[in-house]
file model05.cif (mmCIF, C-alpha atoms)
data_start
#
loop_
_atom_site.group_PDB
_atom_site.id
_atom_site.type_symbol
_atom_site.label_atom_id
_atom_site.label_comp_id
_atom_site.auth_asym_id
_atom_site.auth_seq_id
_atom_site.Cartn_x
_atom_site.Cartn_y
_atom_site.Cartn_z
ATOM 1 C CA MET A 1 -170.599 -69.138 -29.557
ATOM 2 C CA ILE A 2 -167.908 -71.072 -31.405
ATOM 3 C CA PHE A 3 -166.617 -69.947 -34.802
ATOM 4 C CA ALA A 4 -165.122 -72.704 -36.966
ATOM 5 C CA LYS A 5 -164.518 -73.805 -40.531
ATOM 6 C CA ALA A 6 -165.911 -77.051 -41.919
ATOM 7 C CA PRO A 7 -163.180 -79.748 -41.674
ATOM 8 C CA VAL A 8 -162.679 -80.111 -45.430
ATOM 9 C CA PRO A 9 -159.214 -81.486 -46.359
ATOM 10 C CA GLY A 10 -157.188 -78.851 -48.160
ATOM 11 C CA ALA A 11 -159.466 -76.007 -47.030
ATOM 12 C CA VAL A 12 -158.902 -75.923 -43.252
ATOM 13 C CA LYS A 13 -155.767 -75.477 -41.111
ATOM 14 C CA THR A 14 -153.860 -75.018 -44.361
ATOM 15 C CA ARG A 15 -150.680 -73.819 -42.662
ATOM 16 C CA LEU A 16 -150.462 -77.192 -40.911
ATOM 17 C CA ILE A 17 -150.708 -79.193 -44.151
ATOM 18 C CA PRO A 18 -146.895 -79.375 -44.644
ATOM 19 C CA ALA A 19 -146.650 -81.172 -41.292
ATOM 20 C CA LEU A 20 -149.878 -83.177 -41.227
ATOM 21 C CA GLY A 21 -151.110 -83.438 -44.822
ATOM 22 C CA PRO A 22 -154.559 -82.247 -45.944
ATOM 23 C CA ALA A 23 -156.471 -85.094 -44.281
ATOM 24 C CA GLY A 24 -154.448 -84.871 -41.086
ATOM 25 C CA ALA A 25 -154.947 -81.131 -40.815
ATOM 26 C CA ALA A 26 -158.699 -81.543 -41.342
ATOM 27 C CA HIS A 27 -158.832 -84.306 -38.743
ATOM 28 C CA LEU A 28 -157.033 -82.105 -36.215
ATOM 29 C CA ALA A 29 -159.402 -79.229 -36.999
ATOM 30 C CA LEU A 30 -162.345 -81.481 -36.164
ATOM 31 C CA ARG A 31 -160.664 -82.629 -32.944
ATOM 32 C CA MET A 32 -160.049 -79.017 -31.931
ATOM 33 C CA LEU A 33 -163.668 -78.196 -32.691
ATOM 34 C CA GLU A 34 -164.855 -81.077 -30.526
ATOM 35 C CA ASN A 35 -162.656 -79.783 -27.708
ATOM 36 C CA ALA A 36 -164.121 -76.283 -28.028
ATOM 37 C CA LEU A 37 -167.598 -77.774 -27.820
ATOM 38 C CA HIS A 38 -166.624 -79.821 -24.790
ATOM 39 C CA ILE A 39 -165.321 -76.845 -22.822
ATOM 40 C CA ALA A 40 -168.270 -74.644 -23.823
ATOM 41 C CA VAL A 41 -170.743 -77.245 -22.600
ATOM 42 C CA ASN A 42 -168.773 -77.939 -19.415
ATOM 43 C CA ALA A 43 -168.594 -74.233 -18.565
ATOM 44 C CA ARG A 44 -172.385 -74.360 -18.056
ATOM 45 C CA LEU A 45 -172.867 -70.691 -18.868
ATOM 46 C CA GLY A 46 -175.817 -71.039 -21.235
ATOM 47 C CA PRO A 47 -176.802 -72.358 -24.677
ATOM 48 C CA VAL A 48 -173.953 -73.229 -27.054
ATOM 49 C CA GLN A 49 -173.985 -72.236 -30.718
ATOM 50 C CA LEU A 50 -171.669 -73.398 -33.513
ATOM 51 C CA HIS A 51 -171.176 -70.811 -36.255
ATOM 52 C CA PHE A 52 -169.635 -72.433 -39.310
ATOM 53 C CA ALA A 53 -168.198 -71.423 -42.648
ATOM 54 C CA PRO A 54 -168.663 -72.054 -45.440
ATOM 55 C CA ASP A 55 -171.406 -74.663 -44.922
ATOM 56 C CA ALA A 56 -173.201 -75.507 -41.673
ATOM 57 C CA ARG A 57 -174.623 -78.645 -43.327
ATOM 58 C CA HIS A 58 -171.286 -80.472 -43.324
ATOM 59 C CA PRO A 59 -172.057 -83.920 -41.762
ATOM 60 C CA ASP A 60 -169.170 -83.778 -39.273
ATOM 61 C CA LEU A 61 -170.363 -80.395 -38.073
ATOM 62 C CA GLN A 62 -173.929 -81.562 -37.708
ATOM 63 C CA ALA A 63 -172.793 -84.662 -35.804
ATOM 64 C CA ALA A 64 -170.586 -82.621 -33.462
ATOM 65 C CA ALA A 65 -173.407 -80.179 -32.809
ATOM 66 C CA THR A 66 -175.857 -82.998 -32.102
ATOM 67 C CA ARG A 67 -173.501 -84.685 -29.620
ATOM 68 C CA ALA A 68 -173.066 -81.396 -27.759
ATOM 69 C CA ARG A 69 -176.745 -80.468 -28.039
ATOM 70 C CA ALA A 70 -175.616 -77.225 -29.638
ATOM 71 C CA THR A 71 -177.295 -75.133 -32.303
ATOM 72 C CA CYS A 72 -175.499 -75.245 -35.663
ATOM 73 C CA LEU A 73 -175.613 -72.010 -37.676
ATOM 74 C CA ALA A 74 -173.987 -70.724 -40.839
ATOM 75 C CA GLN A 75 -171.837 -67.633 -40.437
ATOM 76 C CA ARG A 76 -173.175 -64.537 -42.159
ATOM 77 C CA SER A 77 -171.409 -62.860 -45.077
ATOM 78 C CA GLY A 78 -168.606 -60.333 -44.765
ATOM 79 C CA ASP A 79 -165.112 -60.314 -43.310
ATOM 80 C CA LEU A 80 -164.377 -61.917 -39.953
ATOM 81 C CA GLY A 81 -165.175 -58.736 -38.070
ATOM 82 C CA GLU A 82 -168.556 -58.377 -39.740
ATOM 83 C CA ARG A 83 -169.399 -62.007 -39.025
ATOM 84 C CA MET A 84 -168.372 -61.682 -35.389
ATOM 85 C CA ARG A 85 -170.381 -58.479 -34.972
ATOM 86 C CA SER A 86 -173.474 -60.138 -36.407
ATOM 87 C CA ALA A 87 -173.187 -63.169 -34.143
ATOM 88 C CA LEU A 88 -172.552 -61.151 -30.993
ATOM 89 C CA ALA A 89 -175.329 -58.669 -31.736
ATOM 90 C CA ALA A 90 -177.843 -61.481 -32.271
ATOM 91 C CA ALA A 91 -176.779 -63.242 -29.070
ATOM 92 C CA LEU A 92 -176.979 -60.066 -26.983
ATOM 93 C CA GLN A 93 -180.570 -59.555 -28.047
ATOM 94 C CA LEU A 94 -181.334 -62.752 -26.123
ATOM 95 C CA SER A 95 -178.777 -62.787 -23.323
ATOM 96 C CA PRO A 96 -177.197 -60.116 -21.073
ATOM 97 C CA ARG A 97 -173.702 -61.469 -21.862
ATOM 98 C CA ALA A 98 -172.173 -63.369 -24.772
ATOM 99 C CA LEU A 99 -168.816 -65.067 -25.383
ATOM 100 C CA LEU A 100 -167.368 -65.908 -28.782
ATOM 101 C CA LEU A 101 -164.370 -68.190 -29.255
ATOM 102 C CA GLY A 102 -162.485 -69.984 -31.977
ATOM 103 C CA THR A 103 -161.167 -73.538 -31.966
ATOM 104 C CA ASP A 104 -157.411 -72.989 -32.356
ATOM 105 C CA CYS A 105 -156.420 -72.627 -28.700
ATOM 106 C CA PRO A 106 -156.131 -75.952 -26.810
ATOM 107 C CA ALA A 107 -155.278 -74.152 -23.542
ATOM 108 C CA LEU A 108 -158.630 -72.367 -23.528
ATOM 109 C CA ASP A 109 -160.749 -74.339 -21.078
ATOM 110 C CA ALA A 110 -164.012 -74.135 -19.161
ATOM 111 C CA ASP A 111 -162.346 -72.248 -16.305
ATOM 112 C CA VAL A 112 -161.237 -69.514 -18.719
ATOM 113 C CA LEU A 113 -164.781 -69.237 -20.070
ATOM 114 C CA ARG A 114 -166.166 -68.895 -16.570
ATOM 115 C CA GLU A 115 -163.506 -66.284 -15.744
ATOM 116 C CA ALA A 116 -164.472 -64.328 -18.872
ATOM 117 C CA ASP A 117 -168.168 -64.434 -17.987
ATOM 118 C CA ALA A 118 -167.393 -63.352 -14.432
ATOM 119 C CA ALA A 119 -165.486 -60.320 -15.729
ATOM 120 C CA LEU A 120 -168.545 -59.233 -17.708
ATOM 121 C CA ALA A 121 -170.867 -59.912 -14.788
ATOM 122 C CA ALA A 122 -168.612 -57.740 -12.602
ATOM 123 C CA GLY A 123 -169.071 -54.758 -14.923
ATOM 124 C CA ALA A 124 -166.532 -54.992 -17.749
ATOM 125 C CA ASP A 125 -168.068 -54.001 -21.077
ATOM 126 C CA SER A 126 -165.878 -56.495 -22.901
ATOM 127 C CA VAL A 127 -163.384 -59.280 -22.230
ATOM 128 C CA PHE A 128 -160.610 -60.752 -24.385
ATOM 129 C CA VAL A 129 -158.161 -63.646 -24.240
ATOM 130 C CA PRO A 130 -155.091 -62.455 -26.184
ATOM 131 C CA THR A 131 -152.839 -64.907 -28.017
ATOM 132 C CA VAL A 132 -149.069 -64.969 -28.365
ATOM 133 C CA ASP A 133 -149.276 -64.287 -32.112
ATOM 134 C CA GLY A 134 -150.982 -60.927 -31.556
ATOM 135 C CA GLY A 135 -154.568 -62.064 -32.022
ATOM 136 C CA PHE A 136 -157.207 -63.206 -29.559
ATOM 137 C CA ALA A 137 -158.829 -66.567 -28.829
ATOM 138 C CA LEU A 138 -162.001 -65.236 -27.193
ATOM 139 C CA SER A 139 -164.014 -62.049 -27.081
ATOM 140 C CA GLY A 140 -167.035 -61.304 -24.981
ATOM 141 C CA PHE A 141 -169.438 -58.419 -24.491
ATOM 142 C CA ARG A 142 -172.299 -57.471 -22.251
ATOM 143 C CA ARG A 143 -175.561 -56.137 -23.643
ATOM 144 C CA GLU A 144 -174.880 -52.568 -22.505
ATOM 145 C CA ALA A 145 -171.928 -52.437 -24.948
ATOM 146 C CA LEU A 146 -173.965 -53.642 -27.915
ATOM 147 C CA VAL A 147 -174.061 -50.250 -29.632
ATOM 148 C CA ALA A 148 -170.247 -50.089 -29.670
ATOM 149 C CA ILE A 149 -169.509 -53.525 -31.149
ATOM 150 C CA ASP A 150 -169.448 -52.131 -34.699
ATOM 151 C CA GLN A 151 -166.664 -49.736 -33.706
ATOM 152 C CA VAL A 152 -164.578 -52.474 -32.081
ATOM 153 C CA PHE A 153 -164.374 -54.905 -35.002
ATOM 154 C CA ALA A 154 -164.424 -52.536 -37.983
ATOM 155 C CA GLY A 155 -161.160 -52.182 -39.885
ATOM 156 C CA ILE A 156 -159.097 -54.699 -37.921
ATOM 157 C CA PRO A 157 -156.210 -56.219 -39.965
ATOM 158 C CA TRP A 158 -157.255 -59.835 -39.522
ATOM 159 C CA SER A 159 -154.640 -62.615 -39.755
ATOM 160 C CA THR A 160 -151.845 -60.264 -38.703
ATOM 161 C CA SER A 161 -149.912 -59.676 -35.478
ATOM 162 C CA ALA A 162 -151.762 -56.361 -35.039
ATOM 163 C CA VAL A 163 -155.238 -57.806 -34.376
ATOM 164 C CA MET A 164 -155.304 -57.407 -30.594
ATOM 165 C CA SER A 165 -153.498 -54.066 -30.589
ATOM 166 C CA SER A 166 -156.024 -52.726 -33.106
ATOM 167 C CA ALA A 167 -158.897 -54.043 -30.990
ATOM 168 C CA ARG A 168 -157.444 -52.246 -27.966
ATOM 169 C CA ASP A 169 -157.334 -48.985 -29.893
ATOM 170 C CA HIS A 170 -160.937 -49.412 -31.003
ATOM 171 C CA LEU A 171 -162.128 -50.353 -27.517
ATOM 172 C CA SER A 172 -160.463 -47.262 -26.107
ATOM 173 C CA ARG A 173 -161.934 -44.967 -28.748
ATOM 174 C CA ALA A 174 -165.397 -46.445 -28.120
ATOM 175 C CA GLY A 175 -165.050 -45.627 -24.432
ATOM 176 C CA LEU A 176 -165.440 -49.240 -23.332
ATOM 177 C CA ARG A 177 -163.988 -50.816 -20.205
ATOM 178 C CA TRP A 178 -162.414 -54.149 -21.044
ATOM 179 C CA THR A 179 -160.599 -56.957 -19.251
ATOM 180 C CA GLU A 180 -157.807 -59.070 -20.714
ATOM 181 C CA LEU A 181 -157.240 -62.549 -19.317
ATOM 182 C CA ALA A 182 -153.988 -64.536 -19.478
ATOM 183 C CA THR A 183 -152.353 -64.720 -22.918
ATOM 184 C CA LEU A 184 -152.597 -68.161 -24.542
ATOM 185 C CA VAL A 185 -151.256 -69.868 -27.682
ATOM 186 C CA ASP A 186 -153.196 -70.425 -30.903
ATOM 187 C CA VAL A 187 -152.050 -73.361 -33.006
ATOM 188 C CA ASP A 188 -151.759 -72.292 -36.631
ATOM 189 C CA GLU A 189 -148.197 -73.167 -37.641
ATOM 190 C CA PRO A 190 -146.251 -76.480 -37.542
ATOM 191 C CA ALA A 191 -143.919 -75.114 -34.834
ATOM 192 C CA GLU A 192 -146.961 -74.634 -32.583
ATOM 193 C CA LEU A 193 -148.025 -78.289 -32.754
ATOM 194 C CA LYS A 194 -146.053 -78.828 -29.525
ATOM 195 C CA HIS A 195 -149.001 -77.159 -27.793
ATOM 196 C CA ILE A 196 -151.400 -79.854 -29.021
ATOM 197 C CA PRO A 197 -152.059 -82.760 -26.587
ATOM 198 C CA PRO A 198 -149.991 -85.752 -27.826
ATOM 199 C CA GLN A 199 -153.020 -88.031 -27.980
ATOM 200 C CA TRP A 200 -154.668 -85.686 -30.484
ATOM 201 C CA LEU A 201 -151.669 -85.891 -32.809
ATOM 202 C CA ALA A 202 -151.426 -89.661 -32.372
ATOM 203 C CA ALA A 203 -154.972 -89.934 -33.673
ATOM 204 C CA VAL A 204 -154.131 -87.683 -36.622
ATOM 205 C CA LYS A 205 -151.108 -89.750 -37.622
#
call {"tool": "encode", "arguments": {"input": "model05.cif", "output": "C-alpha cells"}}
result
Amino acid sequence: MIFAKAPVPGAVKTRLIPALGPAGAAHLALRMLENALHIAVNARLGPVQLHFAPDARHPDLQAAATRARATCLAQRSGDLGERMRSALAAALQLSPRALLLGTDCPALDADVLREADAALAAGADSVFVPTVDGGFALSGFRREALVAIDQVFAGIPWSTSAVMSSARDHLSRAGLRWTELATLVDVDEPAELKHIPPQWLAAVK
C-alpha cells in the first residue's frame, strides 16, 4: 500500500516550494509517487494499492494507478495514524502480511520491500524502515498482530522527530516483536533535495 497526496500545486510538498515553486514541487511529488509505484510492482509481493488524500479521483493519480495496474483508493478520515490503521487492518483481512509506504524516500527500493516482507514471513510481528528525521518510510505487519495495530499508531506526534521513538514505545507496550531495517532519508526540505536523482530534478526545472 502506498500513501500519497494528490499532486496539486501549492498543496503538496509545501516545504519544497521555496526551492522548486508550487508547480515544481507538485511535479516532483508525482515523480516520487511514480517511483513508489514502480518499486512496489517490481517487488512482486502481491497486489498494489494507492491510498490518496484528499481526492482519489485526481486525473494524475488515476493515470498512475492505471499504468501500474494498481487499485486507487481514497484514504479514510482521521489523523495519519487512524488512516494507516484502517488501511493496514483492511489489507490484513485479505493477506497474511501487509506493507505500507510513503513516497518521500527515493532510496526505498524493491529490495527493501522484499527484505521487509521476509522479516514478517520469518516471524516478526512488525517491520519498520526508520528515516534520518526521526520518522519512518515504511511499516508492515502480519495478520497475527492485527489486534495490536490500534495501540501502535494511537497518539503518535506526527510530523515531528519523535515519530519512530514513539512507535517503538507503543510496539514494546503492545508486546510485539519488530524488526528495523536500515535507516534511510525522506526528502521533505530543500537541503534534502541532494538525495533526489538528478534526472528527476532536471525534469522539474
call {"tool": "residues_near_point", "arguments": {"input": "model05.cif", "point": "(-167.1, -43.2, -29.3)", "cutoff": "8 Å", "atoms": "all atoms listed in the file", "output": "list in words"}}
result
Ala148, Gln151, Arg173, Ala174 and Gly175 of chain A
call {"tool": "residues_near_point", "arguments": {"input": "model05.cif", "point": "(-158.4, -64.5, -29.3)", "cutoff": "10 Å", "atoms": "only C-alpha atoms", "output": "ChimeraX atom specification"}}
result
/A:100-105,108,128-139,163-164,183-186
call {"tool": "atom_distance", "arguments": {"input": "model05.cif", "atom1": "atom CA of A:Lys194", "atom2": "atom CA of A:Asn42"}}
result
24.9 Å
call {"tool": "atom_distance", "arguments": {"input": "model05.cif", "atom1": "atom CA of A:Trp158", "atom2": "atom CA of A:Ala11"}}
result
18.0 Å
call {"tool": "residues_around", "arguments": {"input": "model05.cif", "residues": "A:Asp109", "least_positions_apart": "6", "cutoff": "9 Å", "atoms": "only C-alpha atoms", "output": "number ranges by chain"}}
result
A: 35-36, 38-40, 42-43
call {"tool": "resolve_selection", "arguments": {"input": "model05.cif", "expression": "the PyMOL selection byres ((chain A and resi 126) around 6)", "output": "list in words"}}
result
Ala124, Asp125, Val127, Gly140, Phe141 and Trp178 of chain A
call {"tool": "closest_residue", "arguments": {"input": "model05.cif", "among": "A:Ala154, A:Ile2, A:Ala191, A:Leu113", "to": "A:Gly81", "atoms": "only C-alpha atoms"}}
result
A:Ala154
call {"tool": "resolve_selection", "arguments": {"input": "model05.cif", "expression": "the PyMOL selection byres ((chain A and resi 64) around 12)", "output": "ChimeraX atom specification"}}
result
/A:4,6-7,30-38,48-50,52,56-63,65-72
call {"tool": "write_last_selection", "arguments": {"input": "model05.cif", "atoms": "C-alpha atoms", "output": "PDB file, in the frame of the given file"}}
result
ATOM      1  CA  ALA A   4    -165.122 -72.704 -36.966  1.00  0.00           C
ATOM      2  CA  ALA A   6    -165.911 -77.051 -41.919  1.00  0.00           C
ATOM      3  CA  PRO A   7    -163.180 -79.748 -41.674  1.00  0.00           C
ATOM      4  CA  LEU A  30    -162.345 -81.481 -36.164  1.00  0.00           C
ATOM      5  CA  ARG A  31    -160.664 -82.629 -32.944  1.00  0.00           C
ATOM      6  CA  MET A  32    -160.049 -79.017 -31.931  1.00  0.00           C
ATOM      7  CA  LEU A  33    -163.668 -78.196 -32.691  1.00  0.00           C
ATOM      8  CA  GLU A  34    -164.855 -81.077 -30.526  1.00  0.00           C
ATOM      9  CA  ASN A  35    -162.656 -79.783 -27.708  1.00  0.00           C
ATOM     10  CA  ALA A  36    -164.121 -76.283 -28.028  1.00  0.00           C
ATOM     11  CA  LEU A  37    -167.598 -77.774 -27.820  1.00  0.00           C
ATOM     12  CA  HIS A  38    -166.624 -79.821 -24.790  1.00  0.00           C
ATOM     13  CA  VAL A  48    -173.953 -73.229 -27.054  1.00  0.00           C
ATOM     14  CA  GLN A  49    -173.985 -72.236 -30.718  1.00  0.00           C
ATOM     15  CA  LEU A  50    -171.669 -73.398 -33.513  1.00  0.00           C
ATOM     16  CA  PHE A  52    -169.635 -72.433 -39.310  1.00  0.00           C
ATOM     17  CA  ALA A  56    -173.201 -75.507 -41.673  1.00  0.00           C
ATOM     18  CA  ARG A  57    -174.623 -78.645 -43.327  1.00  0.00           C
ATOM     19  CA  HIS A  58    -171.286 -80.472 -43.324  1.00  0.00           C
ATOM     20  CA  PRO A  59    -172.057 -83.920 -41.762  1.00  0.00           C
ATOM     21  CA  ASP A  60    -169.170 -83.778 -39.273  1.00  0.00           C
ATOM     22  CA  LEU A  61    -170.363 -80.395 -38.073  1.00  0.00           C
ATOM     23  CA  GLN A  62    -173.929 -81.562 -37.708  1.00  0.00           C
ATOM     24  CA  ALA A  63    -172.793 -84.662 -35.804  1.00  0.00           C
ATOM     25  CA  ALA A  65    -173.407 -80.179 -32.809  1.00  0.00           C
ATOM     26  CA  THR A  66    -175.857 -82.998 -32.102  1.00  0.00           C
ATOM     27  CA  ARG A  67    -173.501 -84.685 -29.620  1.00  0.00           C
ATOM     28  CA  ALA A  68    -173.066 -81.396 -27.759  1.00  0.00           C
ATOM     29  CA  ARG A  69    -176.745 -80.468 -28.039  1.00  0.00           C
ATOM     30  CA  ALA A  70    -175.616 -77.225 -29.638  1.00  0.00           C
ATOM     31  CA  THR A  71    -177.295 -75.133 -32.303  1.00  0.00           C
ATOM     32  CA  CYS A  72    -175.499 -75.245 -35.663  1.00  0.00           C
TER      33      CYS A  72
END
call {"tool": "residues_around", "arguments": {"input": "model05.cif", "residues": "A:Leu146", "least_positions_apart": "4", "cutoff": "8 Å", "atoms": "only C-alpha atoms", "output": "number ranges by chain"}}
result
A: 89, 92, 141-142
call {"tool": "resolve_selection", "arguments": {"input": "model05.cif", "expression": "the PyMOL selection byres ((chain A and resi 9) around 10)", "output": "list in words"}}
result
Ala6, Pro7, Val8, Gly10, Ala11, Val12, Lys13, Thr14, Ile17, Gly21, Pro22, Ala23, Gly24, Ala25, Ala26, His27 and Ala29 of chain A
call {"tool": "closest_residue", "arguments": {"input": "model05.cif", "among": "A:Ala91, A:Leu201, A:Ala145, A:Ile156", "to": "A:Arg168", "atoms": "all atoms listed in the file"}}
result
A:Ile156
call {"tool": "atom_distance", "arguments": {"input": "model05.cif", "atom1": "atom CA of A:Leu88", "atom2": "atom CA of A:Arg143"}}
result
9.4 Å
call {"tool": "closest_residue", "arguments": {"input": "model05.cif", "among": "A:Leu20, A:His195, A:Gly123, A:Ala53", "to": "A:Gly78", "atoms": "all atoms listed in the file"}}
result
A:Ala53
call {"tool": "closest_residue", "arguments": {"input": "model05.cif", "among": "A:Val41, A:Ala87, A:Thr179, A:Glu189", "to": "A:Ala118", "atoms": "all atoms listed in the file"}}
result
A:Thr179
call {"tool": "build_atoms", "arguments": {"input": "model05.cif", "residues": "stretch 131-163 of chain A", "atoms": "N, CA and C atoms", "output": "compact mmCIF listing (two decimals), in the coordinates of the input"}}
result
# COMPACT_ATOMS: atom_id res chain seq x y z
N THR A 131 -153.70 -63.78 -27.66
CA THR A 131 -152.84 -64.91 -28.02
C THR A 131 -151.43 -64.41 -28.32
N VAL A 132 -150.49 -65.31 -28.21
CA VAL A 132 -149.07 -64.97 -28.36
C VAL A 132 -148.78 -64.36 -29.73
N ASP A 133 -149.53 -64.77 -30.75
CA ASP A 133 -149.28 -64.29 -32.11
C ASP A 133 -149.87 -62.90 -32.39
N GLY A 134 -150.43 -62.27 -31.37
CA GLY A 134 -150.98 -60.93 -31.56
C GLY A 134 -152.47 -60.87 -31.82
N GLY A 135 -153.12 -62.02 -31.82
CA GLY A 135 -154.57 -62.06 -32.02
C GLY A 135 -155.30 -62.26 -30.70
N PHE A 136 -156.49 -62.84 -30.78
CA PHE A 136 -157.21 -63.21 -29.56
C PHE A 136 -158.00 -64.48 -29.81
N ALA A 137 -158.14 -65.28 -28.75
CA ALA A 137 -158.83 -66.57 -28.83
C ALA A 137 -160.29 -66.48 -28.40
N LEU A 138 -160.63 -65.41 -27.70
CA LEU A 138 -162.00 -65.24 -27.19
C LEU A 138 -162.29 -63.75 -27.06
N SER A 139 -163.52 -63.39 -27.37
CA SER A 139 -164.01 -62.05 -27.08
C SER A 139 -165.40 -62.18 -26.49
N GLY A 140 -165.72 -61.29 -25.59
CA GLY A 140 -167.04 -61.30 -24.98
C GLY A 140 -167.52 -59.90 -24.72
N PHE A 141 -168.84 -59.73 -24.73
CA PHE A 141 -169.44 -58.42 -24.49
C PHE A 141 -170.68 -58.57 -23.64
N ARG A 142 -171.01 -57.50 -22.94
CA ARG A 142 -172.30 -57.47 -22.25
C ARG A 142 -173.25 -56.60 -23.06
N ARG A 143 -174.54 -56.78 -22.81
CA ARG A 143 -175.56 -56.14 -23.64
C ARG A 143 -175.42 -54.62 -23.68
N GLU A 144 -174.99 -54.02 -22.57
CA GLU A 144 -174.88 -52.57 -22.50
C GLU A 144 -173.86 -52.02 -23.51
N ALA A 145 -172.95 -52.87 -23.98
CA ALA A 145 -171.93 -52.44 -24.95
C ALA A 145 -172.32 -52.74 -26.39
N LEU A 146 -173.53 -53.21 -26.59
CA LEU A 146 -173.96 -53.64 -27.92
C LEU A 146 -173.79 -52.57 -28.98
N VAL A 147 -174.10 -51.33 -28.64
CA VAL A 147 -174.06 -50.25 -29.63
C VAL A 147 -172.63 -49.96 -30.10
N ALA A 148 -171.64 -50.40 -29.33
CA ALA A 148 -170.25 -50.09 -29.67
C ALA A 148 -169.53 -51.23 -30.38
N ILE A 149 -170.19 -52.37 -30.55
CA ILE A 149 -169.51 -53.52 -31.15
C ILE A 149 -169.05 -53.22 -32.57
N ASP A 150 -169.84 -52.48 -33.33
CA ASP A 150 -169.45 -52.13 -34.70
C ASP A 150 -168.12 -51.40 -34.72
N GLN A 151 -167.90 -50.50 -33.76
CA GLN A 151 -166.66 -49.74 -33.71
C GLN A 151 -165.47 -50.63 -33.38
N VAL A 152 -165.69 -51.64 -32.55
CA VAL A 152 -164.58 -52.47 -32.08
C VAL A 152 -164.01 -53.33 -33.20
N PHE A 153 -164.84 -53.93 -34.02
CA PHE A 153 -164.37 -54.90 -35.00
C PHE A 153 -164.21 -54.36 -36.41
N ALA A 154 -164.56 -53.11 -36.64
CA ALA A 154 -164.42 -52.54 -37.98
C ALA A 154 -162.97 -52.18 -38.26
N GLY A 155 -162.48 -52.60 -39.44
CA GLY A 155 -161.16 -52.18 -39.88
C GLY A 155 -159.99 -52.85 -39.20
N ILE A 156 -160.20 -53.98 -38.56
CA ILE A 156 -159.10 -54.70 -37.92
C ILE A 156 -158.34 -55.49 -38.99
N PRO A 157 -157.00 -55.46 -38.98
CA PRO A 157 -156.21 -56.22 -39.97
C PRO A 157 -156.12 -57.70 -39.59
N TRP A 158 -157.17 -58.43 -39.92
CA TRP A 158 -157.26 -59.84 -39.52
C TRP A 158 -156.09 -60.64 -40.09
N SER A 159 -155.74 -61.71 -39.37
CA SER A 159 -154.64 -62.62 -39.76
C SER A 159 -153.29 -61.92 -39.76
N THR A 160 -153.14 -60.93 -38.89
CA THR A 160 -151.84 -60.26 -38.70
C THR A 160 -151.54 -60.21 -37.21
N SER A 161 -150.31 -59.78 -36.88
CA SER A 161 -149.91 -59.68 -35.48
C SER A 161 -150.47 -58.42 -34.82
N ALA A 162 -151.23 -57.62 -35.57
CA ALA A 162 -151.76 -56.36 -35.04
C ALA A 162 -153.24 -56.45 -34.66
N VAL A 163 -153.80 -57.66 -34.64
CA VAL A 163 -155.24 -57.81 -34.38
C VAL A 163 -155.60 -57.29 -32.98
